[in-house]
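Trainee: One structure follows; several queries about it will come next.
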Amino acid sequence: MYLSIYDFSSFFQSIDNWLTSTFPEPIATIIVWILIGVSAIAFTALLGLSLVYAERKVAAWFQLRIGPNRVGFQGVLQTVADITKLIMKEPLTPGTSDKFLYNLAPFLMMLAPFIVIGALPYAEGLQVMDLNVGVFFVTAVSSIGVLGILISGYSSNNKYSLIGSMRSGAQVVSYELSAGLAIMVIVVMSGSLQFSEIIEAQRDGWWIFKGHLPVWIAFVVFIIAGTAETNRGPFDLAEAESELTAGFHTEYSGIKFAFFFLAEYVNLFIIVVLATTLFLGGWMPLHIGDWEAFNNIADIIPPIFWFLGKVSALIILIMWFKWTFPRLRIDQLLTLEWKYLLPISLVNIVLAAFIILMGWHF
Amino acid sequence: MEETIISPDGTQEYFINMGPQHPSTHGVLRLVLTLDGEIIEKVEPHLGYIHRSIEKMCEKDNYRQIIHLTDRMDYLSAHMNNHAVSLAIENALEVEIPDRAKYIRVIMDELTRISSHTLWWGVMGMDLGAITSFLYGFRDHEYITEIFEETCGARLTMNYNVPGGVMFDIHPNFVKHVKDFIADFKTKLPEYDTLLSGNVIFLERTKGIGILTKEDAISFGVTGPAGRASGFSNDVRKKEPYGIYDQLDFKEILYTDGDTYSRYKARIDEMWESIKIIEQLIDNIPEGDFQAKTRKVIKLPKGEFYQKVETARGELGVYIVSDGKMNPYRMKFRSPGFSNLSALDRMARGGKIADLVAIMSTLDLVVPDIDR
Amino acid sequence: MSAIGNYFRSIFSGLKTLFQGMAVTGYYFRNARKEIITQQYPDNKDTLRMYDRFRGIVVMPHDENNLHACTGCSACEIACPNGSIEIIAPRVVDPETGKKKKVINQHIYHYSMCTLCNLCILSCPTEAIVMDQTFEHAVYDRSLLTQILNKPGSSLNPNVKE
């Protein structure tokens, strides 16, 4: 019953129609590709900048500080200034490093988010490509990022970096298991791997409300595993400032460092968007059963705001973790995964299947 | 460099230089780690990066001037260092110092202890990855430095003690501000417990890590909270009371486990004891002089003098050899940090790099104190 | 069975401690406006007051007639542990009494060597030097840190007793 004026697909359809009618078919396709690429890059850059600013402000408020407040109104341009500085800095390459791999790693780090960002749904019709295996695609491609970490640690010829990247390799590979299993619960519930269908299945209520126990467990597991996959505190062992100085990106400077820095935040965004889409209904407004009046009011708020609201709430939650908890040790990290999260997820997916079978979900 | 040992399965241990510039060595301490993967086989501390030859400088300075140098040894217990030297000089001169000065000195000592421990708590959290605790610890540390600044005129290197008493009388607002601080800090200290001490990740990271037995603590001379966490009763305030500590009611914190968590708890409990001490004194500061009359040029009699005090890190010993002139013939400090550091290798072996960081935090190393 | 019970108990008690920790930081996040302790330093310069006893730099106060209280006795020079004070005070014959007397020519103060220990202030018999509460003393050239404390043309206040 949502309002169709908030549907972006007609807007994009009209652009497409205009392009195909003005240019011959192959040129129009190329123009569409370029437009998508440029907007994806612009979106990623904007995302990185705003998330870094948000992180610094949120961290400051947790820590009795004001945070950046000099550059621009309330310091909003602080990250722009920082990135400008990083671009102007010399990107050093250590003499004893493996030069090809060393320079390749930051691009690999950025590659995964760039690819994934197109497959995610942001609002009705605001999605580059609605793959029929969208969920699978996102989980598969986002694993490329760890290659960047591993290569950067290996090629830097620095022992701290090597330890950091080895830690990260063990960590990301392990946590992908339980993250995947948590996603599976939703896939089982909605019966599809396509994002649009998963969101459509939550029209009469988000999975976190409809799916009760197994979805709650899956949500908690996914948030923990997702935080671990993005190498954020309390799972930031790959960086581990107090142990490994800066871990895998110790040797990087200038724009190459900025790539690592931005990739961390874009990865955070991707995990949060996944959690939002799978558990909190993506851009779907909050609908409660038969409350028609409430549902209509909820529909008036554009879906893109619902989406951004949910995403920012989850981002703040994950930042809250980072600024509260101490870091785990590498063996405890693996214990948490293999002795707690993975068995729980395995039991959970059986539980979810059983609940579906008995029709106990709403 | 030692010969690298290649084990039968073809793996090989490797070395890492931790420091002199490393976030968790808290200064210019250099540790050469021998590692097997992440497991620590050996820790070798290398010192000398911040050696300023304070002991030698003392030989050229007169007895009044020596005190300000001790500020710069263990800068977090500057007041206690001053106290130690002042006491050594006073005992040698056999000067009776007024009660008011004694009270002020003890209050200042305990405030310094709290401020040092709050800073340590914050840094401990930061070393374990909880950066927020650093700011909370610093907030309370700053509160005390403000009190110091008001009375002593400086925040860190106070130089407030002089032979015979203290440099100035306390500021008129001192009593009120200390009371405000105690009231405020009593609400903040439980927060420390909720934020870190109770946290499951923190417990996992600290319990059973870096165990130092009582025998080892005694043989390495690990004093202060680090030694008392191993069951080595060594509180100078109890064993050889100075100032007015013999008239005060406070407990010596003793734990028996000797692990990182016990060392952590010992310091947290010490803050409670310090609060207790300050509360006993703050209302009862006697009227009178804050300084005993001493000669302008202090000359110690011939002989050797030793005085020890309990600083925030452990037992600080001041050893003066005098040949009757106006500056000491030889001056030696027995600094707690140096002895505590010597036990690091014993504690860290077999642990991981992350454990080493936690252990170093609970030793509460201040590198200028180790190097002098 | 107790092993499984312990397993789940450890999960829940662990989660509980985590939430307690988050409650502490959450409190400060919610009350950030009230609890922020940062001082906006360069902005609050006008209202920023240091404590009276704050030791910022050694100065020699002069009154409106350009008179100071320094007799050139060198007590501060002797008291200084770091040699940051140099007194140049030649003996001059007093025209009235005919006696030789020290008169301060230059009171040189090396701020770069000073540890602000306050010993010179304590040693001064005429309270000619005091600690100032200013604290912004950074300069681009270290030679600027060496100052002559008595102003040019100034002289000893005749009321000061030696």
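Residue numbering restarts at 1 for every chain of the structure tokens, chains are lettered A, B, ... in their displayed order, and ligands are numbered from 1 as they appear.
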Any chance you could tabulate, as CSV, the residues of segment 188-300 of chain B at most 7 Å from segment 350-364 of chain B with each one's nearest atom pair and distance in Å to one decimal, using only C-alpha atoms, in chain and rising number order?
Mentor:
```
residue,atom,partner,partner_atom,distance
B:Ile209,CA,B:Asp355,CA,6.8
B:Gly210,CA,B:Ile359,CA,6.1
B:Ala226,CA,B:Leu363,CA,6.0
B:Thr260,CA,B:Ile359,CA,6.0
B:Arg263,CA,B:Thr362,CA,6.0
B:Tyr264,CA,B:Thr362,CA,6.1
```
Trainee: Could you turn the residues from that selection into a file that holds all heavy atoms, as a compact mmCIF listing (two decimals), in the first residue's frame?
Mentor:
```txt
# COMPACT_ATOMS: atom_id res chain seq x y z
N ILE B 209 46.51 -14.46 33.36
CA ILE B 209 47.53 -14.04 32.40
C ILE B 209 48.72 -13.46 33.16
O ILE B 209 48.54 -12.71 34.12
CB ILE B 209 46.96 -12.96 31.45
CG1 ILE B 209 45.72 -13.46 30.73
CG2 ILE B 209 48.01 -12.49 30.46
CD1 ILE B 209 45.95 -14.63 29.85
N GLY B 210 49.91 -13.79 32.73
CA GLY B 210 51.11 -13.17 33.30
C GLY B 210 51.28 -13.43 34.77
O GLY B 210 51.43 -12.49 35.55
N ALA B 226 51.90 -4.17 42.09
CA ALA B 226 52.26 -5.34 41.30
C ALA B 226 52.79 -6.46 42.19
O ALA B 226 52.45 -7.63 42.00
CB ALA B 226 53.30 -4.95 40.26
N THR B 260 47.38 -10.84 36.00
CA THR B 260 47.13 -9.47 35.56
C THR B 260 45.90 -8.88 36.24
O THR B 260 45.88 -7.72 36.62
CB THR B 260 46.92 -9.46 34.04
OG1 THR B 260 48.05 -10.11 33.45
CG2 THR B 260 46.85 -8.08 33.50
N ARG B 263 46.66 -7.70 39.78
CA ARG B 263 47.38 -6.42 39.77
C ARG B 263 46.44 -5.28 39.46
O ARG B 263 46.55 -4.19 40.04
CB ARG B 263 48.51 -6.47 38.74
CG ARG B 263 49.66 -7.34 39.15
CD ARG B 263 50.85 -7.16 38.24
NE ARG B 263 50.69 -7.81 36.96
CZ ARG B 263 50.95 -9.09 36.73
NH1 ARG B 263 51.39 -9.86 37.71
NH2 ARG B 263 50.79 -9.63 35.55
N TYR B 264 45.49 -5.55 38.56
CA TYR B 264 44.48 -4.53 38.24
C TYR B 264 43.64 -4.21 39.47
O TYR B 264 43.47 -3.06 39.86
CB TYR B 264 43.61 -5.05 37.09
CG TYR B 264 42.42 -4.20 36.77
CD1 TYR B 264 42.52 -3.15 35.88
CD2 TYR B 264 41.18 -4.45 37.36
CE1 TYR B 264 41.44 -2.37 35.58
CE2 TYR B 264 40.10 -3.68 37.07
CZ TYR B 264 40.22 -2.64 36.19
OH TYR B 264 39.14 -1.86 35.91
```
Trainee: At most 8 Å is the cut-off: for each residue in chain C with any atom that close to an atom of chain A, write down the nearest atom pair and the distance in Å rounded to one decimal, counting only C-alpha atoms, chain first then increasing number, as a Markdown table.
Mentor:
```
| residue | atom | partner | partner_atom | distance |
| --- | --- | --- | --- | --- |
| C:Leu18 | CA | A:Phe325 | CA | 7.6 |
| C:Gly21 | CA | A:Thr324 | CA | 6.6 |
| C:Met22 | CA | A:Thr324 | CA | 6.1 |
| C:Thr25 | CA | A:Phe62 | CA | 5.7 |
| C:Gly26 | CA | A:Phe62 | CA | 7.1 |
| C:Tyr28 | CA | A:Phe62 | CA | 5.6 |
| C:Phe29 | CA | A:Phe62 | CA | 4.7 |
| C:Ala32 | CA | A:Trp61 | CA | 5.3 |
| C:Glu35 | CA | A:Leu64 | CA | 6.0 |
| C:Ile36 | CA | A:Leu64 | CA | 4.2 |
| C:Ile37 | CA | A:Leu64 | CA | 5.8 |
| C:Thr38 | CA | A:Arg65 | CA | 5.5 |
```
Trainee: Hey, list the chain C side of the contact with chain B: 10 Å cut-off, only C-alpha atoms, answer as a count of residues only.
Mentor: 39
Trainee: Compile the contact shell of Ile87 of chain A as a ChimeraX atom specification: residues with an atom at most 10 Å away, counting only C-alpha atoms, same-chain residues fewer than 6 positions apart removed.
Mentor: /A:81,253-258
Trainee: Please list as a count of residues only every residue within 8 Å of segment 301-307 of chain B, counting only C-alpha atoms and excluding residues in the same chain fewer than 5 positions away.
Mentor: 14
Trainee: Select residues of chain B: the criterion is any atom within 6 Å of an atom of chain A, counting only C-alpha atoms; output as a VMD selection string.
Mentor: chain B and resid 23 to 24 127 to 130 132 135
Trainee: Can you pull out every residue from segment 67-257 of chain B that DSSP, working from the backbone, puts in strand (DSSP E), and format the result as a list in words?
Mentor: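 After running DSSP on the backbone, segment 67-257 of chain B has strand (DSSP E) at Asn161, Val162, Gly165 and Val166 of chain B.
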Trainee: May I have a table of the residues of segment 105-134 of chain C lying at most 9 Å from segment 143-155 of chain C, giving each one's closest pair of atoms and their distance in Å to one decimal, counting only C-alpha atoms, ordered by chain and ascending residue number, as CSV?
Mentor:
```
residue,atom,partner,partner_atom,distance
C:Asn105,CA,C:Asn150,CA,8.1
C:Gln106,CA,C:Ile148,CA,6.3
C:His107,CA,C:Leu149,CA,5.5
C:Ile108,CA,C:Ile148,CA,4.5
C:Tyr109,CA,C:Gln147,CA,5.2
C:His110,CA,C:Thr146,CA,4.4
C:Tyr111,CA,C:Leu145,CA,5.2
C:Ser112,CA,C:Leu145,CA,5.9
C:Ile129,CA,C:Leu149,CA,8.8
```
Trainee: Generate a file of the selected residues that holds N, CA and C atoms, formatted as a PDB file, in the first residue's frame.
Mentor:
```
ATOM      1  N   ASN C 105      73.071  45.466  36.557  1.00  0.00           N
ATOM      2  CA  ASN C 105      73.171  45.956  35.186  1.00  0.00           C
ATOM      3  C   ASN C 105      72.226  45.151  34.294  1.00  0.00           C
ATOM      4  N   GLN C 106      72.422  43.851  34.313  1.00  0.00           N
ATOM      5  CA  GLN C 106      71.547  42.988  33.517  1.00  0.00           C
ATOM      6  C   GLN C 106      71.156  41.757  34.335  1.00  0.00           C
ATOM      7  N   HIS C 107      69.865  41.495  34.402  1.00  0.00           N
ATOM      8  CA  HIS C 107      69.365  40.263  35.006  1.00  0.00           C
ATOM      9  C   HIS C 107      68.943  39.365  33.835  1.00  0.00           C
ATOM     10  N   ILE C 108      69.834  38.444  33.449  1.00  0.00           N
ATOM     11  CA  ILE C 108      69.580  37.650  32.242  1.00  0.00           C
ATOM     12  C   ILE C 108      68.891  36.352  32.644  1.00  0.00           C
ATOM     13  N   TYR C 109      67.812  36.070  31.941  1.00  0.00           N
ATOM     14  CA  TYR C 109      66.993  34.900  32.285  1.00  0.00           C
ATOM     15  C   TYR C 109      66.857  34.030  31.040  1.00  0.00           C
ATOM     16  N   HIS C 110      67.347  32.784  31.137  1.00  0.00           N
ATOM     17  CA  HIS C 110      67.250  31.856  30.009  1.00  0.00           C
ATOM     18  C   HIS C 110      66.021  30.982  30.214  1.00  0.00           C
ATOM     19  N   TYR C 111      64.949  31.330  29.536  1.00  0.00           N
ATOM     20  CA  TYR C 111      63.710  30.560  29.728  1.00  0.00           C
ATOM     21  C   TYR C 111      63.867  29.144  29.203  1.00  0.00           C
ATOM     22  N   SER C 112      64.737  28.964  28.211  1.00  0.00           N
ATOM     23  CA  SER C 112      64.902  27.639  27.614  1.00  0.00           C
ATOM     24  C   SER C 112      65.468  26.635  28.605  1.00  0.00           C
ATOM     25  N   ILE C 129      61.693  39.380  41.918  1.00  0.00           N
ATOM     26  CA  ILE C 129      61.187  38.572  40.806  1.00  0.00           C
ATOM     27  C   ILE C 129      60.001  37.764  41.295  1.00  0.00           C
TER      28      ILE C 129
END
```
Trainee: My list of candidates is A:Leu47, A:Val128, A:Ile355, A:Ile315. Which is closest to Leu213 of chain A when distances are computed with only C-alpha atoms?
Mentor: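 Residue with the minimum atom-to-atom distance to Leu213 of chain A: A:Ile355.
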Trainee: Would you kindly return, as an MDAnalysis selection string, each protein, DNA or RNA residue with an atom no farther than 10 Å from any atom of Ile104 of chain C, considering only C-alpha atoms and excluding same-chain residues fewer than 2 positions away?
Mentor: chainID C and resid 70:74 87:92 101:102 106:107 150 154:156
Trainee: Could you pull out all residues of segment 45-183 of chain B with a DSSP call of alpha helix (DSSP H) and give them as a PyMOL selection string?
Mentor: chain B and resi 54-60+63-70+78-93+99-127+131-152+174-183
Trainee: Let me see the file: selected residues, C-alpha atoms, as a PDB file, in the first residue's frame.
Mentor:
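Heads up, here's the output in part_8.pdb:
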```pdb
ATOM      1  CA  ILE B  54      69.673  12.465  37.228  1.00  0.00           C
ATOM      2  CA  GLU B  55      71.824  10.752  39.851  1.00  0.00           C
ATOM      3  CA  LYS B  56      74.938  12.428  38.511  1.00  0.00           C
ATOM      4  CA  MET B  57      73.200  15.784  38.282  1.00  0.00           C
ATOM      5  CA  CYS B  58      72.280  15.438  41.945  1.00  0.00           C
ATOM      6  CA  GLU B  59      75.971  15.363  42.841  1.00  0.00           C
ATOM      7  CA  LYS B  60      76.400  18.862  41.480  1.00  0.00           C
ATOM      8  CA  TYR B  63      70.137  19.611  48.693  1.00  0.00           C
ATOM      9  CA  ARG B  64      67.378  22.098  47.976  1.00  0.00           C
ATOM     10  CA  GLN B  65      67.879  21.793  44.251  1.00  0.00           C
ATOM     11  CA  ILE B  66      67.905  18.009  44.162  1.00  0.00           C
ATOM     12  CA  ILE B  67      64.198  17.811  44.888  1.00  0.00           C
ATOM     13  CA  HIS B  68      63.068  19.368  41.635  1.00  0.00           C
ATOM     14  CA  LEU B  69      65.008  16.754  39.662  1.00  0.00           C
ATOM     15  CA  THR B  70      63.074  13.935  41.274  1.00  0.00           C
ATOM     16  CA  ALA B  78      56.197  13.492  41.524  1.00  0.00           C
ATOM     17  CA  HIS B  79      54.989  14.396  44.958  1.00  0.00           C
ATOM     18  CA  MET B  80      56.063  11.123  46.522  1.00  0.00           C
ATOM     19  CA  ASN B  81      59.503  11.393  44.969  1.00  0.00           C
ATOM     20  CA  ASN B  82      59.863  14.846  46.476  1.00  0.00           C
ATOM     21  CA  HIS B  83      58.664  13.487  49.768  1.00  0.00           C
ATOM     22  CA  ALA B  84      61.288  10.755  49.764  1.00  0.00           C
ATOM     23  CA  VAL B  85      64.194  13.123  49.207  1.00  0.00           C
ATOM     24  CA  SER B  86      62.864  15.639  51.698  1.00  0.00           C
ATOM     25  CA  LEU B  87      62.489  12.944  54.329  1.00  0.00           C
ATOM     26  CA  ALA B  88      65.991  11.681  53.715  1.00  0.00           C
ATOM     27  CA  ILE B  89      67.417  15.167  54.166  1.00  0.00           C
ATOM     28  CA  GLU B  90      65.280  15.905  57.226  1.00  0.00           C
ATOM     29  CA  ASN B  91      66.213  12.640  58.895  1.00  0.00           C
ATOM     30  CA  ALA B  92      69.874  13.336  58.262  1.00  0.00           C
ATOM     31  CA  LEU B  93      69.565  16.840  59.686  1.00  0.00           C
ATOM     32  CA  ASP B  99      52.425  18.436  61.972  1.00  0.00           C
ATOM     33  CA  ARG B 100      50.687  20.601  59.435  1.00  0.00           C
ATOM     34  CA  ALA B 101      53.392  19.920  56.896  1.00  0.00           C
ATOM     35  CA  LYS B 102      53.147  16.192  57.602  1.00  0.00           C
ATOM     36  CA  TYR B 103      49.410  16.217  57.054  1.00  0.00           C
ATOM     37  CA  ILE B 104      49.670  18.222  53.854  1.00  0.00           C
ATOM     38  CA  ARG B 105      52.361  15.911  52.547  1.00  0.00           C
ATOM     39  CA  VAL B 106      50.347  12.781  53.186  1.00  0.00           C
ATOM     40  CA  ILE B 107      47.194  14.232  51.627  1.00  0.00           C
ATOM     41  CA  MET B 108      49.203  15.277  48.602  1.00  0.00           C
ATOM     42  CA  ASP B 109      50.818  11.842  48.409  1.00  0.00           C
ATOM     43  CA  GLU B 110      47.488  10.092  48.405  1.00  0.00           C
ATOM     44  CA  LEU B 111      46.028  12.507  45.862  1.00  0.00           C
ATOM     45  CA  THR B 112      49.028  11.790  43.682  1.00  0.00           C
ATOM     46  CA  ARG B 113      48.453   8.086  44.111  1.00  0.00           C
ATOM     47  CA  ILE B 114      44.852   8.437  42.989  1.00  0.00           C
ATOM     48  CA  SER B 115      45.786  10.618  40.053  1.00  0.00           C
ATOM     49  CA  SER B 116      48.471   8.178  38.995  1.00  0.00           C
ATOM     50  CA  HIS B 117      46.108   5.226  39.284  1.00  0.00           C
ATOM     51  CA  THR B 118      43.309   6.946  37.375  1.00  0.00           C
ATOM     52  CA  LEU B 119      45.683   7.653  34.542  1.00  0.00           C
ATOM     53  CA  TRP B 120      46.942   4.081  34.704  1.00  0.00           C
ATOM     54  CA  TRP B 121      43.377   2.790  34.557  1.00  0.00           C
ATOM     55  CA  GLY B 122      42.659   4.796  31.445  1.00  0.00           C
ATOM     56  CA  VAL B 123      45.842   3.699  29.764  1.00  0.00           C
ATOM     57  CA  MET B 124      45.221   0.097  30.716  1.00  0.00           C
ATOM     58  CA  GLY B 125      41.858   0.252  28.983  1.00  0.00           C
ATOM     59  CA  MET B 126      43.445   1.817  25.947  1.00  0.00           C
ATOM     60  CA  ASP B 127      46.117  -0.860  25.771  1.00  0.00           C
ATOM     61  CA  ILE B 131      39.917   3.744  24.091  1.00  0.00           C
ATOM     62  CA  THR B 132      37.028   5.425  25.874  1.00  0.00           C
ATOM     63  CA  SER B 133      38.350   4.499  29.303  1.00  0.00           C
ATOM     64  CA  PHE B 134      41.423   6.594  28.560  1.00  0.00           C
ATOM     65  CA  LEU B 135      39.332   9.720  28.423  1.00  0.00           C
ATOM     66  CA  TYR B 136      37.372   8.829  31.559  1.00  0.00           C
ATOM     67  CA  GLY B 137      40.577   8.147  33.453  1.00  0.00           C
ATOM     68  CA  PHE B 138      42.067  11.375  32.245  1.00  0.00           C
ATOM     69  CA  ARG B 139      39.019  13.330  33.333  1.00  0.00           C
ATOM     70  CA  ASP B 140      39.551  12.332  36.964  1.00  0.00           C
ATOM     71  CA  HIS B 141      43.305  12.741  36.648  1.00  0.00           C
ATOM     72  CA  GLU B 142      42.739  16.289  35.421  1.00  0.00           C
ATOM     73  CA  TYR B 143      40.504  17.071  38.376  1.00  0.00           C
ATOM     74  CA  ILE B 144      43.393  16.320  40.717  1.00  0.00           C
ATOM     75  CA  THR B 145      45.938  18.195  38.632  1.00  0.00           C
ATOM     76  CA  GLU B 146      43.697  21.234  38.899  1.00  0.00           C
ATOM     77  CA  ILE B 147      43.828  20.900  42.679  1.00  0.00           C
ATOM     78  CA  PHE B 148      47.605  20.607  42.522  1.00  0.00           C
ATOM     79  CA  GLU B 149      47.847  23.577  40.228  1.00  0.00           C
ATOM     80  CA  GLU B 150      45.880  25.720  42.615  1.00  0.00           C
ATOM     81  CA  THR B 151      48.042  24.903  45.614  1.00  0.00           C
ATOM     82  CA  CYS B 152      51.450  24.075  44.148  1.00  0.00           C
ATOM     83  CA  PHE B 174      42.146  23.371  48.882  1.00  0.00           C
ATOM     84  CA  VAL B 175      40.058  21.583  51.512  1.00  0.00           C
ATOM     85  CA  LYS B 176      36.821  22.369  49.730  1.00  0.00           C
ATOM     86  CA  HIS B 177      38.107  21.237  46.368  1.00  0.00           C
ATOM     87  CA  VAL B 178      39.530  18.009  47.717  1.00  0.00           C
ATOM     88  CA  LYS B 179      36.196  17.243  49.371  1.00  0.00           C
ATOM     89  CA  ASP B 180      34.389  17.989  46.113  1.00  0.00           C
ATOM     90  CA  PHE B 181      36.757  15.714  44.310  1.00  0.00           C
ATOM     91  CA  ILE B 182      36.301  12.863  46.777  1.00  0.00           C
ATOM     92  CA  ALA B 183      32.530  13.161  46.542  1.00  0.00           C
TER      93      ALA B 183
END
```
Trainee: Quote the spacing between atom CA of Ile253 of chain B and atom CA of Ile282 of chain B in Å to one decimal place.
Mentor: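 Atom CA of Ile282 of chain B lies 22.2 Å from atom CA of Ile253 of chain B.
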Trainee: Residues near segment 33-35 of chain A, anyone? I mean within 12 Å using only C-alpha atoms, not counting same-chain ones fewer than 6 positions away, as a list in words.
Mentor: Phe12, Ile15, Asp16, Leu19, Pro26, Ile27, Ile41, Ala42, Phe43, Gly118, Val128 and Met129 of chain A
Trainee: Keeping N, CA, C and O atoms, export the residues of the selection given above as a short mmCIF file (atom, residue, chain, number, x, y, z; two decimals), in the first residue's frame.
Mentor:
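Listed below is the output, part_37.cif:
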```cif
data_model
loop_
_atom_site.label_atom_id
_atom_site.label_comp_id
_atom_site.auth_asym_id
_atom_site.auth_seq_id
_atom_site.Cartn_x
_atom_site.Cartn_y
_atom_site.Cartn_z
N PHE A 12 14.26 6.43 -13.20
CA PHE A 12 15.39 5.85 -13.93
C PHE A 12 14.94 5.32 -15.28
O PHE A 12 15.68 5.37 -16.26
N ILE A 15 14.97 8.17 -17.71
CA ILE A 15 16.33 8.49 -18.17
C ILE A 15 16.75 7.48 -19.23
O ILE A 15 17.28 7.84 -20.29
N ASP A 16 16.47 6.22 -18.95
CA ASP A 16 16.86 5.15 -19.88
C ASP A 16 16.15 5.33 -21.22
O ASP A 16 16.76 5.22 -22.28
N LEU A 19 17.73 8.12 -23.15
CA LEU A 19 19.03 7.76 -23.70
C LEU A 19 18.88 6.86 -24.92
O LEU A 19 19.52 7.08 -25.95
N PRO A 26 24.23 0.69 -28.61
CA PRO A 26 25.49 0.43 -27.90
C PRO A 26 25.99 1.66 -27.14
O PRO A 26 26.43 1.55 -25.98
N ILE A 27 25.86 2.86 -27.74
CA ILE A 27 26.34 4.06 -27.07
C ILE A 27 25.52 4.34 -25.83
O ILE A 27 26.06 4.69 -24.77
N ILE A 41 31.15 5.65 -7.66
CA ILE A 41 32.37 6.20 -7.06
C ILE A 41 32.04 7.40 -6.20
O ILE A 41 32.50 7.53 -5.05
N ALA A 42 31.18 8.27 -6.73
CA ALA A 42 30.81 9.45 -5.96
C ALA A 42 30.12 9.06 -4.67
O ALA A 42 30.41 9.60 -3.59
N PHE A 43 29.25 8.07 -4.77
CA PHE A 43 28.51 7.63 -3.59
C PHE A 43 29.47 7.06 -2.55
O PHE A 43 29.37 7.36 -1.36
N GLY A 118 26.68 -1.87 -5.80
CA GLY A 118 25.65 -1.84 -6.84
C GLY A 118 24.54 -2.83 -6.61
O GLY A 118 23.44 -2.66 -7.14
N VAL A 128 21.18 -0.70 -8.41
CA VAL A 128 21.76 -0.81 -9.74
C VAL A 128 21.32 -2.09 -10.41
O VAL A 128 20.90 -2.12 -11.56
N MET A 129 21.40 -3.18 -9.70
CA MET A 129 21.16 -4.47 -10.31
C MET A 129 20.48 -5.37 -9.29
O MET A 129 21.04 -5.62 -8.22
#
```
Trainee: Tell me which of B:Ile278, B:Ile170, B:Ala343, B:Val28 sits closest to Ile218 of chain B, counting only C-alpha atoms.
Mentor: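 Counting only C-alpha atoms, the residue closest to Ile218 of chain B is B:Ala343.
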Trainee: Can you tell me, as a ChimeraX atom specification, what residues are no more than 12 Å from Ile301 of chain A when counting only C-alpha atoms, ignoring any on the same chain fewer than 2 positions away?
Mentor: /A:2-3,5-6,283-286,294-299,303-309
Trainee: Which value, in Å to one decimal, gives the distance between atom CA of Ile198 of chain A and atom CA of Thr29 of chain A?
Mentor: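 We find that atom CA of Ile198 of chain A and atom CA of Thr29 of chain A lie 28.6 Å from each other.
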